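Chemist: Contents of protein_10.txt (compact mmCIF, C-alpha atoms) are given next:
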```txt
# COMPACT_ATOMS: atom_id res chain seq x y z
CA MET A 1 13.21 42.78 1.74
CA ARG A 2 12.32 42.53 5.41
CA PRO A 3 9.14 40.75 6.52
CA THR A 4 6.32 43.09 7.46
CA PRO A 5 4.67 42.98 10.93
CA ALA A 6 1.71 41.21 9.32
CA ALA A 7 4.06 38.52 7.98
CA TRP A 8 5.57 38.00 11.42
CA LEU A 9 2.06 37.74 12.83
CA LEU A 10 1.29 34.90 10.43
CA LEU A 11 4.23 32.97 11.87
CA VAL A 12 2.83 33.07 15.40
CA PRO A 13 0.44 30.06 15.14
CA GLY A 14 3.12 27.86 13.56
CA GLY A 15 5.72 29.07 16.05
CA LEU A 16 3.49 28.25 19.01
CA LEU A 17 2.72 24.84 17.58
CA LEU A 18 6.40 24.15 16.91
CA GLY A 19 7.36 25.33 20.38
CA GLY A 20 4.69 23.27 22.10
CA LEU A 21 5.25 20.08 20.15
CA MET A 22 9.03 20.13 19.71
CA VAL A 23 10.98 22.76 21.63
CA ALA A 24 9.26 22.27 24.99
CA PRO A 25 9.52 18.43 24.99
CA LEU A 26 13.18 18.64 23.94
CA GLY A 27 13.81 21.10 26.76
CA LEU A 28 12.26 18.68 29.25
CA LEU A 29 14.31 15.86 27.73
CA ALA A 30 17.50 17.89 28.19
CA LEU A 31 16.56 18.62 31.81
CA GLU A 32 15.81 14.96 32.48
CA SER A 33 19.22 14.01 31.07
CA LEU A 34 20.82 16.04 33.87
CA ARG A 35 18.88 14.34 36.64
CA GLU A 36 20.36 11.66 38.81
CA PHE A 37 18.92 8.22 38.18
CA VAL A 38 17.03 6.78 41.13
CA GLY A 39 15.70 3.25 40.76
CA GLY A 40 11.93 2.96 40.90
CA ARG A 41 11.34 6.65 40.10
CA VAL A 42 10.38 7.64 36.56
CA GLY A 43 10.71 11.32 35.65
CA GLY A 44 8.95 14.28 37.15
CA GLN A 45 10.92 14.43 40.43
CA ALA A 46 12.31 17.93 40.64
CA ASP A 47 14.04 17.11 43.93
CA ARG A 48 16.59 14.87 42.25
CA PRO A 49 20.02 16.54 42.06
CA LEU A 50 21.53 17.65 38.76
CA THR A 51 24.52 15.70 37.53
CA LEU A 52 26.64 15.08 34.42
CA ALA A 53 27.03 11.41 35.26
CA ASN A 54 24.63 10.36 32.49
CA TYR A 55 26.85 12.06 29.92
CA ARG A 56 30.10 10.80 31.46
CA GLU A 57 28.71 7.28 31.13
CA LEU A 58 28.45 7.77 27.38
CA LEU A 59 32.25 8.20 27.17
CA ASN A 60 32.49 4.43 27.45
CA PRO A 61 33.78 3.04 24.12
CA ALA A 62 30.85 0.62 24.01
CA TYR A 63 28.47 3.53 23.42
CA ALA A 64 30.69 4.94 20.68
CA LEU A 65 30.15 1.68 18.80
CA TYR A 66 26.38 2.19 18.80
CA PHE A 67 26.73 5.71 17.42
CA TRP A 68 29.33 4.62 14.86
CA GLU A 69 27.20 1.75 13.58
CA THR A 70 24.12 3.96 13.36
CA PHE A 71 25.81 6.76 11.42
CA ARG A 72 27.93 4.43 9.27
CA ILE A 73 25.03 2.28 8.11
CA GLY A 74 22.78 5.33 7.73
CA ALA A 75 25.29 7.17 5.53
CA LEU A 76 26.00 4.09 3.41
CA VAL A 77 22.32 3.35 2.85
CA SER A 78 21.62 7.01 2.02
CA LEU A 79 24.41 6.99 -0.57
CA LEU A 80 23.12 3.76 -2.10
CA ALA A 81 19.63 5.24 -2.18
CA LEU A 82 20.94 8.18 -4.24
CA ILE A 83 22.78 5.85 -6.63
CA PHE A 84 19.74 3.65 -7.20
CA ALA A 85 17.10 6.38 -7.12
CA PHE A 86 18.67 8.89 -9.51
CA PRO A 87 18.31 6.72 -12.66
CA ILE A 88 14.71 5.98 -11.69
CA ALA A 89 14.00 9.67 -11.16
CA TYR A 90 15.74 10.62 -14.40
CA VAL A 91 13.72 8.16 -16.47
CA ALA A 92 10.46 9.24 -14.80
CA ALA A 93 11.23 12.92 -15.43
CA ARG A 94 12.57 12.65 -18.97
CA THR A 95 10.68 9.79 -20.62
CA PRO A 96 8.17 10.86 -23.29
CA ARG A 97 6.15 7.69 -22.64
CA ARG A 98 3.31 8.71 -20.39
CA GLY A 99 2.48 5.14 -19.38
CA LEU A 100 6.03 4.47 -18.21
CA ARG A 101 6.09 7.67 -16.17
CA LYS A 102 2.77 6.83 -14.51
CA GLY A 103 3.95 3.29 -13.85
CA ILE A 104 7.11 4.48 -12.08
CA LEU A 105 5.24 7.04 -10.00
CA GLY A 106 2.53 4.53 -9.14
CA LEU A 107 5.07 1.93 -8.02
CA LEU A 108 6.97 4.43 -5.85
CA ILE A 109 3.80 5.71 -4.20
CA ALA A 110 2.48 2.17 -3.71
CA MET A 111 5.68 1.27 -1.85
CA LEU A 112 5.00 4.13 0.56
CA PHE A 113 1.52 2.82 1.34
CA LEU A 114 2.68 -0.76 1.88
CA SER A 115 3.20 -1.48 5.58
CA VAL A 116 6.83 -1.19 6.63
CA VAL A 117 6.45 -4.11 9.03
CA ALA A 118 5.05 -6.29 6.25
CA ARG A 119 7.97 -5.39 3.99
CA LEU A 120 10.51 -6.12 6.72
CA TYR A 121 9.08 -9.53 7.52
CA ALA A 122 8.98 -10.32 3.81
CA ILE A 123 12.72 -9.55 3.66
CA LEU A 124 13.30 -11.64 6.77
CA MET A 125 11.41 -14.61 5.31
CA ALA A 126 13.24 -14.32 1.99
CA TYR A 127 16.80 -13.85 3.26
CA GLY A 128 16.55 -15.52 6.69
CA PRO A 129 18.21 -18.80 7.69
CA THR A 130 15.27 -20.78 6.24
CA GLY A 131 14.40 -18.43 3.37
CA PRO A 132 14.71 -19.30 -0.34
CA LEU A 133 17.43 -16.63 -0.81
CA LYS A 134 19.62 -17.73 2.09
CA GLY A 135 22.18 -18.91 -0.48
CA ILE A 136 23.16 -15.29 -1.04
CA ALA A 137 24.94 -15.40 2.33
CA GLU A 138 27.09 -18.30 1.12
CA LEU A 139 27.96 -16.39 -2.05
CA LEU A 140 29.17 -13.55 0.17
CA GLY A 141 31.32 -15.93 2.21
CA THR A 142 29.18 -15.88 5.36
CA THR A 143 26.12 -17.58 6.85
CA ALA A 144 22.50 -16.48 7.07
CA SER A 145 22.74 -16.35 10.87
CA SER A 146 25.94 -14.27 11.03
CA THR A 147 26.26 -10.69 12.25
CA ALA A 148 27.53 -9.53 8.84
CA PHE A 149 24.47 -10.90 7.07
CA ALA A 150 22.17 -9.37 9.70
CA GLU A 151 23.80 -6.01 8.97
CA LEU A 152 23.23 -6.58 5.25
CA GLN A 153 19.57 -7.32 5.92
CA VAL A 154 19.25 -4.11 7.93
CA MET A 155 20.75 -2.18 5.02
CA VAL A 156 18.32 -3.81 2.59
CA GLY A 157 15.42 -2.98 4.88
CA LEU A 158 16.48 0.65 5.24
CA LEU A 159 17.03 0.93 1.49
CA HIS A 160 13.58 -0.47 0.87
CA PHE A 161 12.26 2.13 3.29
CA VAL A 162 13.97 5.28 1.94
CA LEU A 163 14.39 4.54 -1.77
CA PRO A 164 10.84 5.57 -2.83
CA ILE A 165 11.10 8.86 -0.92
CA VAL A 166 14.51 9.67 -2.39
CA ALA A 167 13.32 8.84 -5.91
CA LEU A 168 10.20 11.00 -5.58
CA THR A 169 12.33 13.87 -4.26
CA LEU A 170 14.78 13.62 -7.16
CA ILE A 171 12.04 13.52 -9.80
CA GLY A 172 11.20 17.14 -9.00
CA THR A 173 14.91 18.02 -9.03
CA VAL A 174 15.43 16.59 -12.51
CA GLN A 175 12.23 18.19 -13.82
CA ASN A 176 13.49 21.62 -12.74
CA ILE A 177 16.61 21.26 -14.91
CA ASN A 178 16.07 22.57 -18.43
CA PRO A 179 16.32 19.58 -20.83
CA ARG A 180 17.67 21.89 -23.54
CA LEU A 181 20.97 21.95 -21.68
CA GLU A 182 21.32 18.22 -22.25
CA GLU A 183 20.25 18.61 -25.86
CA ALA A 184 22.89 21.29 -26.37
CA ALA A 185 25.58 19.02 -24.91
CA MET A 186 24.53 16.13 -27.16
CA ALA A 187 24.37 18.48 -30.16
CA LEU A 188 28.04 19.26 -29.50
CA GLY A 189 28.87 15.55 -29.71
CA ALA A 190 28.56 14.37 -26.10
CA PRO A 191 26.85 10.99 -25.61
CA ARG A 192 23.77 10.94 -23.41
CA TRP A 193 25.59 9.47 -20.41
CA ARG A 194 28.16 12.24 -20.67
CA ALA A 195 25.45 14.90 -20.91
CA VAL A 196 23.76 13.47 -17.80
CA THR A 197 26.93 13.23 -15.71
CA GLY A 198 28.41 16.51 -16.96
CA VAL A 199 25.29 18.67 -17.06
CA VAL A 200 22.42 17.20 -15.07
CA LEU A 201 24.32 15.86 -12.06
CA PRO A 202 26.18 19.12 -11.22
CA LEU A 203 22.94 21.10 -11.49
CA ALA A 204 21.15 18.52 -9.36
CA VAL A 205 23.58 18.80 -6.42
CA PRO A 206 21.15 20.83 -4.23
CA GLY A 207 18.42 18.25 -4.76
CA LEU A 208 20.85 15.36 -4.22
CA LEU A 209 21.98 16.92 -0.95
CA SER A 210 18.39 17.38 0.21
CA ALA A 211 17.49 13.81 -0.72
CA PHE A 212 20.59 12.47 1.03
CA LEU A 213 19.84 14.37 4.23
CA ILE A 214 16.22 13.19 4.21
CA ALA A 215 17.32 9.58 3.76
CA PHE A 216 20.08 9.95 6.35
CA ALA A 217 17.69 11.38 8.94
CA MET A 218 15.19 8.59 8.32
CA CYS A 219 17.90 5.93 8.59
CA ILE A 220 19.64 7.02 11.78
CA SER A 221 16.33 7.60 13.57
CA ASN A 222 14.83 4.30 12.44
CA PHE A 223 13.74 1.92 15.17
CA VAL A 224 11.73 -0.84 13.50
CA VAL A 225 14.21 -1.96 10.83
CA PRO A 226 17.13 -2.85 13.15
CA LEU A 227 14.67 -4.25 15.69
CA ILE A 228 13.22 -6.79 13.22
CA LEU A 229 16.10 -7.45 10.83
CA GLY A 230 18.99 -6.84 13.21
CA ARG A 231 18.01 -9.91 15.28
CA GLY A 232 19.56 -8.38 18.40
CA VAL A 233 23.08 -8.19 16.96
CA VAL A 234 22.66 -4.97 14.97
CA LEU A 235 21.29 -2.21 17.19
CA PHE A 236 20.89 1.48 16.44
CA VAL A 237 20.97 4.30 18.96
CA SER A 238 17.17 4.43 18.80
CA ASN A 239 17.05 0.81 19.99
CA LEU A 240 19.44 1.62 22.81
CA MET A 241 17.24 4.54 23.89
CA TYR A 242 14.17 2.31 23.84
CA ILE A 243 15.90 -0.20 26.11
CA ARG A 244 16.86 2.55 28.55
CA PHE A 245 13.40 4.10 28.58
CA SER A 246 11.22 1.01 28.42
CA GLU A 247 13.02 -2.02 29.76
CA ILE A 248 15.10 -0.63 32.64
CA ALA A 249 13.22 2.68 33.14
CA ASN A 250 16.46 4.67 33.25
CA PHE A 251 14.96 7.87 31.85
CA PRO A 252 17.98 10.14 32.58
CA SER A 253 20.33 7.83 30.65
CA GLY A 254 17.90 7.48 27.73
CA ALA A 255 17.41 11.26 27.66
CA ALA A 256 21.18 11.84 27.61
CA ILE A 257 21.57 9.44 24.69
CA GLY A 258 18.79 11.28 22.84
CA ILE A 259 20.38 14.70 23.40
CA ILE A 260 23.81 13.49 22.26
CA MET A 261 22.20 11.93 19.19
CA LEU A 262 20.46 15.21 18.43
CA VAL A 263 23.67 17.23 18.77
CA LEU A 264 25.69 14.81 16.63
CA SER A 265 22.98 14.72 13.96
CA PHE A 266 22.85 18.52 13.76
CA GLY A 267 26.64 18.67 13.59
CA ILE A 268 26.82 16.17 10.75
CA VAL A 269 24.01 17.81 8.79
CA PHE A 270 25.38 21.35 9.10
CA GLY A 271 28.95 20.17 8.53
CA LEU A 272 28.02 18.27 5.38
CA THR A 273 25.97 21.21 4.12
CA ALA A 274 28.91 23.58 4.68
CA VAL A 275 31.26 21.28 2.77
CA ILE A 276 28.85 20.93 -0.16
CA ARG A 277 28.30 24.70 -0.28
CA ARG A 278 32.03 25.26 -0.41
CA LEU A 279 32.45 22.78 -3.25
CA TRP A 280 29.27 23.83 -5.09
CA PRO A 281 28.50 27.52 -4.34
CA ALA A 282 25.17 27.20 -6.18
CA VAL A 283 23.85 25.19 -3.22
CA GLY A 284 24.26 28.26 -1.06
CA GLY A 285 22.16 30.36 -3.37
CA THR A 286 24.94 32.09 -5.32
CA ARG A 287 26.02 31.54 -8.87
```
So, in terms of structure tokens, how does the structure I just supplied come out?
Modeler:
Amino acid sequence: MRPTPAAWLLLVPGGLLLGGLMVAPLGLLALESLREFVGGRVGGQADRPLTLANYRELLNPAYALYFWETFRIGALVSLLALIFAFPIAYVAARTPRRGLRKGILGLLIAMLFLSVVARLYAILMAYGPTGPLKGIAELLGTTASSTAFAELQVMVGLLHFVLPIVALTLIGTVQNINPRLEEAAMALGAPRWRAVTGVVLPLAVPGLLSAFLIAFAMCISNFVVPLILGRGVVLFVSNLMYIRFSEIANFPSGAAIGIIMLVLSFGIVFGLTAVIRRLWPAVGGTR
């Protein structure tokens, strides 16, 4: 059924808002990325010549490392968030104990209201070189001041940041799956864990994909977590852009990094969605 003219008319306010707040700034960012960098001049100079030098600079292998670290850590944290959040969401959605369900929901929502900066500094104080949990680094065969442990702290900080959102997203996914399907599987002799992995998980693939993409987007675009917990040795692309924009005022270079990040992110999201739809046709809306 095609939208009526009245329905299209209702989309106009949102379309104008979206265009003004997102499309237009991104267009200006793309244009700035093609401008030649001139020291002491910050944006807005239409007389500067257009060039691809800002993009050619990004072919340096050093930049590839920033992108690789950002996407690698983001994907790993998003996967861990799914692994840890699904049992929480399943218990919250299936438990008959009202108090337990309210307790889980209350804890997840409370984590969202707690300041991210406060949480990150709490992690830093606990796992840092002088923290009471610094011995964990020795158990892992490293030191609390090493690059590997800084990366681990960044992962913990990102997981602390996205886990509540992923869990809340998956609660609705599990609630939308008819519990009688699990009961039927258990009535045929399957243990509960088998019913969950064989019935609930396949039906939850669309919700799992959505939760993963939300967590992934929040991880790779995060600025504060690597800034505080990375201690200058673990930097994301967002930190690199901030340095270009703020510290050396190279707006064309920072804009080029932002555009490349946007293109790569869209490519990964659409590519992953296409793969999942091929493996699980139900994600694409067919059964």
Chemist: I'd like the interatomic distance between CA of Val234 in chain A and CA of Glu69 in chain A, to a tenth of an Å.
Modeler: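 Between CA of Val234 in chain A and CA of Glu69 in chain A the gap is 8.2 Å.
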Chemist: Counting only C-alpha atoms, what is within 10 Å of Ala195 in chain A, bar same-chain residues fewer than 6 positions away, as JSON, numbers by chain?
Modeler: {"A": [181, 182, 183, 184, 185, 186, 187, 188, 189, 201]}
Chemist: So, with only C-alpha atoms as the atoms that count, which of A:Leu235, A:Ala274, A:Leu28, A:Leu17 lies closest to Tyr66 in chain A?
Modeler: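 The shortest atom-to-atom distance to Tyr66 in chain A comes from A:Leu235.
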Chemist: When you count only C-alpha atoms, which of these residues is closest to Ile165 in chain A: A:Ile257, A:Leu108, A:Leu272, A:Phe86?
Modeler: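 Comparing A:Ile257, A:Leu108, A:Leu272, A:Phe86 against Ile165 in chain A, the winner is A:Leu108.
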Chemist: Can you work out which one of A:Arg56, A:Arg101, A:Arg35, A:Arg277 has the shortest atom-to-atom distance to Val205 in chain A, counting only C-alpha atoms?
Modeler: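 Smallest distance to Val205 in chain A is found for A:Arg277.
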Chemist: Residues within 12 Å of (10.5, 15.5, -7.0), file coordinates, counting only C-alpha atoms: what are they? Give the list as a tab-separated table (two decimals) with C-alpha atoms, keeping the file's coordinate frame.
Modeler:
```
chain	number	residue	atom	x	y	z
A	85	ALA	CA	17.10	6.38	-7.12
A	86	PHE	CA	18.67	8.89	-9.51
A	88	ILE	CA	14.71	5.98	-11.69
A	89	ALA	CA	14.00	9.67	-11.16
A	90	TYR	CA	15.74	10.62	-14.40
A	92	ALA	CA	10.46	9.24	-14.80
A	93	ALA	CA	11.23	12.92	-15.43
A	105	LEU	CA	5.24	7.04	-10.00
A	108	LEU	CA	6.97	4.43	-5.85
A	164	PRO	CA	10.84	5.57	-2.83
A	165	ILE	CA	11.10	8.86	-0.92
A	166	VAL	CA	14.51	9.67	-2.39
A	167	ALA	CA	13.32	8.84	-5.91
A	168	LEU	CA	10.20	11.00	-5.58
A	169	THR	CA	12.33	13.87	-4.26
A	170	LEU	CA	14.78	13.62	-7.16
A	171	ILE	CA	12.04	13.52	-9.80
A	172	GLY	CA	11.20	17.14	-9.00
A	173	THR	CA	14.91	18.02	-9.03
A	174	VAL	CA	15.43	16.59	-12.51
A	175	GLN	CA	12.23	18.19	-13.82
A	176	ASN	CA	13.49	21.62	-12.74
A	177	ILE	CA	16.61	21.26	-14.91
A	204	ALA	CA	21.15	18.52	-9.36
A	207	GLY	CA	18.42	18.25	-4.76
A	208	LEU	CA	20.85	15.36	-4.22
A	210	SER	CA	18.39	17.38	0.21
A	211	ALA	CA	17.49	13.81	-0.72
```
Chemist: Pick out the closest residue to Pro179 in chain A from this set: A:Leu163, A:Leu203, A:Ile268, A:Leu18. Count all atoms listed in the file.
Modeler: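 Distance minimum relative to Pro179 in chain A lands on A:Leu203.
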Chemist: For a quick check of understanding, using only C-alpha atoms, which of A:Val275, A:Ile248, A:Leu50, A:Leu229 has the smallest distance to Met125 in chain A?
Modeler: A:Leu229
Chemist: Which is closer to Pro87 in chain A than all the others in A:Thr130, A:Thr197, A:Thr147, A:Asn60, using only C-alpha atoms?
Modeler: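 Ranking A:Thr130, A:Thr197, A:Thr147, A:Asn60 by distance to Pro87 in chain A, first place goes to A:Thr197.
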Chemist: Complete the atom set of range 246-260 of chain A to N, CA and C atoms and return it as a short mmCIF file (atom, residue, chain, number, x, y, z; two decimals), keeping the file's coordinate frame.
Modeler:
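Ended up saving to out07.cif:
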```cif
data_model
loop_
_atom_site.label_atom_id
_atom_site.label_comp_id
_atom_site.auth_asym_id
_atom_site.auth_seq_id
_atom_site.Cartn_x
_atom_site.Cartn_y
_atom_site.Cartn_z
N SER A 246 12.31 1.96 28.23
CA SER A 246 11.22 1.01 28.42
C SER A 246 11.58 -0.17 29.31
N GLU A 247 12.73 -0.76 29.09
CA GLU A 247 13.02 -2.02 29.76
C GLU A 247 13.63 -1.84 31.16
N ILE A 248 14.49 -0.82 31.32
CA ILE A 248 15.10 -0.63 32.64
C ILE A 248 14.67 0.69 33.28
N ALA A 249 13.80 1.44 32.59
CA ALA A 249 13.22 2.68 33.14
C ALA A 249 14.28 3.67 33.62
N ASN A 250 15.41 3.70 32.92
CA ASN A 250 16.46 4.67 33.25
C ASN A 250 16.25 5.88 32.34
N PHE A 251 15.30 6.73 32.69
CA PHE A 251 14.96 7.87 31.85
C PHE A 251 16.12 8.86 31.70
N PRO A 252 16.87 9.19 32.76
CA PRO A 252 17.98 10.14 32.58
C PRO A 252 19.02 9.66 31.57
N SER A 253 19.36 8.37 31.60
CA SER A 253 20.33 7.83 30.65
C SER A 253 19.77 7.86 29.23
N GLY A 254 18.51 7.44 29.06
CA GLY A 254 17.90 7.48 27.73
C GLY A 254 17.80 8.89 27.20
N ALA A 255 17.50 9.86 28.08
CA ALA A 255 17.41 11.26 27.66
C ALA A 255 18.78 11.78 27.24
N ALA A 256 19.83 11.40 27.97
CA ALA A 256 21.18 11.84 27.61
C ALA A 256 21.59 11.28 26.26
N ILE A 257 21.26 10.03 26.00
CA ILE A 257 21.57 9.44 24.69
C ILE A 257 20.83 10.19 23.58
N GLY A 258 19.56 10.54 23.84
CA GLY A 258 18.79 11.28 22.84
C GLY A 258 19.36 12.65 22.56
N ILE A 259 19.81 13.36 23.60
CA ILE A 259 20.38 14.70 23.40
C ILE A 259 21.70 14.62 22.64
N ILE A 260 22.54 13.65 22.99
CA ILE A 260 23.81 13.49 22.26
C ILE A 260 23.54 13.14 20.80
#
```
